[in-house]
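So this one's protein33.cif, mmCIF, C-alpha atoms and all ligand atoms:
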data_work
loop_
_atom_site.label_atom_id
_atom_site.label_comp_id
_atom_site.auth_asym_id
_atom_site.auth_seq_id
_atom_site.Cartn_x
_atom_site.Cartn_y
_atom_site.Cartn_z
CA MET A 189 193.28 121.67 86.59
CA LYS A 190 190.64 119.85 84.53
CA SER A 191 189.32 121.57 81.50
CA SER A 192 187.49 124.74 80.62
CA SER A 193 185.16 124.50 77.63
CA SER A 194 187.73 126.07 75.27
CA ASN A 195 190.32 123.56 76.43
CA GLU A 196 187.73 120.91 75.65
CA ALA A 197 187.64 122.00 72.00
CA LEU A 198 191.45 121.86 71.80
CA LYS A 199 191.45 118.39 73.35
CA GLN A 200 188.96 117.30 70.75
CA LEU A 201 191.05 118.79 67.93
CA VAL A 202 194.29 117.14 69.02
CA GLY A 203 192.69 113.83 70.03
CA ARG A 204 190.97 113.46 66.67
CA THR A 205 194.01 114.56 64.67
CA THR A 206 196.21 112.00 66.40
CA ALA A 207 193.95 109.14 65.34
CA GLY A 208 195.24 109.89 61.81
CA LEU A 209 198.55 108.27 62.84
CA LEU A 210 196.90 104.86 63.08
CA ALA A 211 197.40 102.29 60.34
CA ASP A 212 196.05 98.82 59.59
CA GLY A 213 197.28 96.03 61.84
CA MET A 214 198.69 98.28 64.56
CA ILE A 215 198.61 97.34 68.22
CA CYS A 216 197.79 100.60 70.01
CA GLY A 217 198.00 101.70 73.61
CA MET A 218 194.73 103.48 74.36
CA GLY A 219 195.22 106.28 76.87
CA THR A 220 193.13 107.55 79.75
CA GLY A 221 191.53 110.93 80.38
CA SER A 222 189.51 113.60 78.65
CA THR A 223 191.94 114.12 75.72
CA ALA A 224 192.64 110.43 75.04
CA ARG A 225 188.88 109.94 74.97
CA PHE A 226 188.62 111.96 71.74
CA PHE A 227 191.43 109.88 70.22
CA ILE A 228 189.60 106.65 71.10
CA GLU A 229 186.32 107.93 69.68
CA GLU A 230 187.99 108.93 66.41
CA ALA A 231 189.82 105.59 66.20
CA GLY A 232 186.43 103.89 66.57
CA ARG A 233 184.94 106.09 63.86
CA ARG A 234 187.79 105.29 61.49
CA MET A 235 187.29 101.57 62.11
CA ARG A 236 183.58 101.77 61.35
CA GLU A 237 183.69 104.21 58.44
CA GLU A 238 187.10 103.62 56.85
CA GLY A 239 187.61 99.94 57.63
CA LEU A 240 190.73 100.61 59.76
CA ARG A 241 191.80 97.50 61.68
CA ILE A 242 193.65 97.99 64.98
CA THR A 243 193.87 96.24 68.32
CA GLY A 244 193.75 98.41 71.46
CA VAL A 245 195.56 97.86 74.73
CA PRO A 246 193.63 99.82 77.38
CA THR A 247 195.51 101.78 80.05
CA SER A 248 192.62 101.83 82.53
CA PHE A 249 189.10 100.70 83.24
CA GLN A 250 187.85 103.99 81.73
CA SER A 251 189.85 103.40 78.57
CA ARG A 252 188.59 99.80 78.34
CA LEU A 253 184.95 100.94 78.57
CA LEU A 254 185.44 103.62 75.90
CA CYS A 255 187.14 101.15 73.55
CA GLN A 256 184.34 98.64 74.11
CA GLN A 257 181.75 101.33 73.31
CA GLN A 258 183.62 102.02 70.06
CA GLY A 259 183.86 98.33 69.15
CA ILE A 260 187.68 98.36 69.25
CA PRO A 261 189.08 94.83 69.78
CA LEU A 262 191.21 94.67 72.91
CA LEU A 263 194.32 92.94 74.17
CA ASP A 264 195.21 93.00 77.88
CA ALA A 265 198.55 94.53 78.85
CA GLN A 266 199.46 91.24 80.52
CA ASP A 267 199.15 89.44 77.16
CA CYS A 268 201.25 92.00 75.36
CA ARG A 269 205.01 92.38 74.76
CA HIS A 270 205.05 95.01 72.05
CA ILE A 271 202.90 97.97 71.13
CA ASP A 272 203.29 99.90 67.87
CA VAL A 273 201.97 103.22 69.10
CA ALA A 274 200.57 104.35 72.46
CA VAL A 275 198.57 107.58 72.59
CA ASP A 276 197.85 109.23 75.91
CA GLY A 277 197.17 112.58 77.57
CA ALA A 278 199.38 114.35 80.11
CA ASP A 279 199.06 116.87 82.90
CA GLU A 280 202.29 118.75 82.16
CA VAL A 281 204.87 118.65 79.34
CA ASP A 282 208.31 120.24 79.66
CA PRO A 283 210.51 121.51 76.78
CA ASP A 284 212.39 118.15 76.61
CA LEU A 285 209.06 116.28 76.26
CA ASN A 286 209.24 114.83 79.74
CA VAL A 287 205.74 114.71 81.21
CA ILE A 288 203.70 114.32 84.36
CA LYS A 289 200.80 111.90 84.17
CA GLY A 290 198.41 110.47 86.71
CA GLY A 291 195.82 113.20 87.11
CA GLY A 292 193.35 110.37 86.64
CA ALA A 293 195.36 107.95 88.83
CA ALA A 294 196.07 105.62 85.89
CA HIS A 295 199.79 106.33 85.52
CA THR A 296 201.15 102.93 86.60
CA ILE A 297 199.53 101.01 83.74
CA GLU A 298 199.98 104.00 81.43
CA LYS A 299 203.74 103.88 82.03
CA LEU A 300 203.85 100.11 81.49
CA ILE A 301 202.11 100.51 78.15
CA ALA A 302 204.23 103.52 77.14
CA SER A 303 207.36 101.49 77.91
CA MET A 304 206.28 98.69 75.56
CA ALA A 305 205.51 101.10 72.72
CA THR A 306 207.76 101.94 69.76
CA GLN A 307 206.05 105.32 69.53
CA PHE A 308 204.62 107.03 72.60
CA VAL A 309 202.54 110.00 71.52
CA ILE A 310 201.28 112.53 74.03
CA VAL A 311 198.17 114.57 73.23
CA VAL A 312 197.59 117.84 75.09
CA ASP A 313 196.15 121.29 74.75
CA GLU A 314 198.54 124.21 74.92
CA SER A 315 197.82 124.90 78.61
CA LYS A 316 199.82 121.76 79.54
CA LEU A 317 203.15 123.10 78.24
CA VAL A 318 205.29 124.21 81.18
CA PRO A 319 208.89 125.42 81.56
CA ARG A 320 209.53 122.91 84.34
CA LEU A 321 207.69 119.80 85.57
CA GLY A 322 205.73 120.40 88.76
CA SER A 323 204.84 123.97 87.81
CA ILE A 324 201.09 123.33 88.01
CA ILE A 325 200.42 120.08 89.81
CA GLY A 326 202.05 117.75 92.31
CA ILE A 327 203.71 114.49 91.29
CA PRO A 328 201.22 111.60 91.57
CA ILE A 329 202.70 108.56 93.30
CA GLU A 330 200.76 105.29 93.51
CA ILE A 331 201.58 103.48 96.75
CA ILE A 332 200.29 100.52 98.67
CA MET A 333 198.14 101.68 101.57
CA PRO A 334 200.35 100.44 104.43
CA ALA A 335 203.20 102.58 103.04
CA LEU A 336 201.30 105.85 103.40
CA GLY A 337 203.17 107.05 106.49
CA HIS A 338 206.60 105.88 105.37
CA VAL A 339 206.40 107.29 101.83
CA SER A 340 204.98 110.57 103.20
CA ASP A 341 208.06 110.83 105.45
CA VAL A 342 210.44 110.01 102.59
CA VAL A 343 209.00 112.64 100.22
CA THR A 344 208.88 115.23 103.01
CA ARG A 345 212.60 114.62 103.65
CA LEU A 346 213.18 115.13 99.91
CA GLY A 347 211.51 118.55 100.17
CA GLY A 348 208.00 117.59 99.04
CA GLN A 349 204.57 118.30 100.46
CA PRO A 350 202.42 115.16 100.20
CA THR A 351 198.62 115.11 100.00
CA LEU A 352 196.60 111.91 99.97
CA ARG A 353 194.26 112.12 96.98
CA MET A 354 190.67 112.01 98.17
CA GLY A 355 187.60 110.74 96.31
CA ILE A 356 184.83 112.90 94.92
CA LYS A 357 181.36 111.48 95.56
CA LYS A 358 183.17 108.83 97.61
CA ASP A 359 184.26 109.13 101.24
CA GLY A 360 187.93 108.41 101.83
CA PRO A 361 190.86 108.21 99.43
CA VAL A 362 190.83 107.56 95.70
CA LEU A 363 191.58 103.89 95.02
CA THR A 364 193.33 103.23 91.72
CA ASP A 365 192.30 100.52 89.22
CA ASN A 366 194.98 98.45 90.96
CA GLY A 367 193.38 98.97 94.40
CA HIS A 368 196.01 101.33 95.81
CA VAL A 369 196.15 104.98 96.94
CA VAL A 370 197.79 108.05 95.42
CA LEU A 371 199.93 110.70 97.06
CA ASP A 372 200.19 114.00 95.18
CA VAL A 373 203.51 115.57 96.10
CA LYS A 374 204.33 119.20 95.42
CA PHE A 375 208.07 119.94 95.14
CA GLY A 376 209.75 123.33 94.99
CA PRO A 377 211.61 124.54 91.87
CA ASP A 378 215.05 123.66 93.28
CA VAL A 379 214.33 119.96 93.72
CA ASN A 380 215.85 117.62 91.11
CA LEU A 381 212.88 115.51 90.04
CA ARG A 382 215.01 112.89 88.28
CA GLU A 383 216.78 112.22 91.59
CA VAL A 384 213.47 112.15 93.44
CA ASP A 385 212.10 109.69 90.89
CA ALA A 386 215.14 107.42 91.23
CA LEU A 387 214.86 107.44 95.03
CA LEU A 388 211.14 106.72 94.96
CA HIS A 389 211.74 103.71 92.76
CA VAL A 390 213.81 102.12 95.53
CA THR A 391 211.38 103.09 98.31
CA PRO A 392 209.34 100.13 99.59
CA GLY A 393 205.62 100.58 99.04
CA VAL A 394 205.94 102.79 95.94
CA LEU A 395 204.40 101.26 92.83
CA GLU A 396 205.00 104.03 90.33
CA THR A 397 205.38 107.75 89.94
CA GLY A 398 203.68 109.99 87.41
CA LEU A 399 207.06 111.27 86.15
CA PHE A 400 207.59 110.04 82.58
CA PHE A 401 211.19 110.88 81.68
CA ASP A 402 212.54 110.13 78.17
CA LEU A 403 209.47 108.16 77.12
CA ALA A 404 207.45 110.40 74.80
CA THR A 405 208.59 110.21 71.18
CA LYS A 406 206.38 113.12 70.16
CA VAL A 407 203.82 115.49 71.64
CA LEU A 408 200.86 116.79 69.66
CA VAL A 409 199.57 120.09 71.00
CA GLY A 410 196.17 121.63 70.31
CA MET A 411 197.04 125.31 70.00
CA SER A 412 194.96 128.11 71.45
CA ASP A 413 194.07 129.46 67.98
CA GLY A 414 191.65 126.52 67.98
CA LYS A 415 192.81 125.30 64.53
CA THR A 416 196.45 124.31 64.68
CA VAL A 417 197.96 121.09 65.99
CA LYS A 418 201.67 121.53 66.62
CA THR A 419 203.96 118.49 66.68
CA LEU A 420 206.93 118.51 69.06
CA GLU A 421 209.51 115.80 68.36
CA ARG A 422 212.10 114.49 70.78
CA THR A 423 215.51 115.72 69.73
CA ARG A 424 217.62 113.77 72.21
C1 LIG B 501 195.40 109.57 83.75
O1 LIG B 501 195.89 109.09 84.95
C2 LIG B 501 196.29 110.68 83.31
O2 LIG B 501 197.62 110.34 83.13
C3 LIG B 501 195.75 111.43 82.12
O3 LIG B 501 196.20 110.91 80.91
C4 LIG B 501 196.18 112.85 82.29
O4 LIG B 501 195.72 113.27 83.58
C5 LIG B 501 195.62 113.78 81.24
O5 LIG B 501 194.24 113.83 81.37
P1 LIG B 501 193.36 114.87 80.59
O6 LIG B 501 193.56 114.64 79.14
O7 LIG B 501 191.95 114.58 81.05
O8 LIG B 501 193.78 116.25 81.02
#
Turn this file's structure into structure tokens for me.
Ligand code: A5P
Amino acid sequence: MKSSSSNEALKQLVGRTTAGLLADGMICGMGTGSTARFFIEEAGRRMREEGLRITGVPTSFQSRLLCQQQGIPLLDAQDCRHIDVAVDGADEVDPDLNVIKGGGAAHTIEKLIASMATQFVIVVDESKLVPRLGSIIGIPIEIIMPALGHVSDVVTRLGGQPTLRMGIKKDGPVLTDNGHVVLDVKFGPDVNLREVDALLHVTPGVLETGLFFDLATKVLVGMSDGKTVKTLERTR
């Protein structure tokens, strides 16, 4: 699911373009992943070369490190009540601008920051546009470790197939920045994901799902012609 080299160029195009939305004095949610990285790098360049002044709120340890490398002043999410604009990547985007996030296991803090933001801007390459959420990947669900069996049973009853996300170059499961594990749950096309999301939010042991309904205000898409960035705006 992670990028081919041509996708990489589109991520760069859209990430850099989106940094043009930033203005002096803004408090900005700084996303996680390979597309948000290009946004952060361009924000840093604009600060150094154009004198732009922003404060970043990092969505993950990765995002924090990138912002630090770029010299972007930071505010912790816990010290924040309002964000002007949050910019972040996504794994899938549906026609209503609902998205799946969490391919990098950062979705819990990403959703917190998106929820505090006046504008939540998603940056993707065209390959992420899908007719229906769950077309490509499973739904990432961050859970506390003791809930692994229980939440697996709950999602199986809801028609899902859960897989515990495992580490690469690390034995055992992926541990999130919050110290928890992630279940990736594949659901069939007939399952109502809004209902699943609502049920998961009242299931003990679930911290957060990677389903972001009604949060994105716009989506910027790096198109496969390699030159165009299309803007999709929420209409309802
Ligand atoms: C991090 O957990 C994710 O939500 C990422 O923002 C998402 O996976 C998109 O990442 P890429 O831009 O690397 O595809």
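For the pair CA of Thr423 in chain A and atom O3 of ligand LIG 501 (chain B), the interatomic distance is 22.8 Å.
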*asked:* From the options A:Val390, A:Val245, A:Leu285, A:Ala224, which residue's atoms come nearest to Met304 in chain A, counting only C-alpha atoms?
replied: A:Val245
*If you count all atoms listed in the file, which residues fall within 9 Å of range 262-278 of chain A, apart from same-chain ones fewer than 6 positions away, as a PyMOL selection string?*
chain A and resi 203+206-207+209-210+214-224+227+242-247+252+255-256+287-291+297-298+300-312+316
Six-sided padding of 3 Å per side, axis-aligned box over ligand LIG 501 (chain B), centre and edges in Å, one decimal, as lines of an AutoDock Vina configuration file:
center_x = 194.8
center_y = 112.7
center_z = 82.0
size_x = 11.7
size_y = 13.2
size_z = 11.8
*For each of A:Thr205, A:Thr351, A:Glu230, A:Val370, take the minimum atom-to-atom distance to ligand LIG 501 (chain B), counting all atoms listed in the file, then give the residue where this is smallest.*
A:Val370
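Among the candidates A:Ala197, A:Leu321, A:Ser412, A:Asn286, the residue lying nearest to Pro377 in chain A is A:Leu321 (atoms considered: only C-alpha atoms).
Ranking A:Ala211, A:Val409, A:Val369, A:Ile329 by their shortest atom-to-atom distance to Ala231 in chain A, with all atoms listed in the file included, puts A:Ala211 first.
With only C-alpha atoms as the atoms that count, the minimum distance from Phe249 in chain A to the choices A:Gly360, A:Asn366, A:Asp282, A:Ile228 is reached by A:Asn366.
Minimum atom-to-atom distance to ligand LIG 501 (chain B), evaluated using all atoms listed in the file, belongs to A:Gln250 out of A:Thr405, A:Asn380, A:Gln250, A:Gln349.
One distance worth recording is that between CA of Glu421 in chain A and CA of Phe400 in chain A, which is 15.5 Å.
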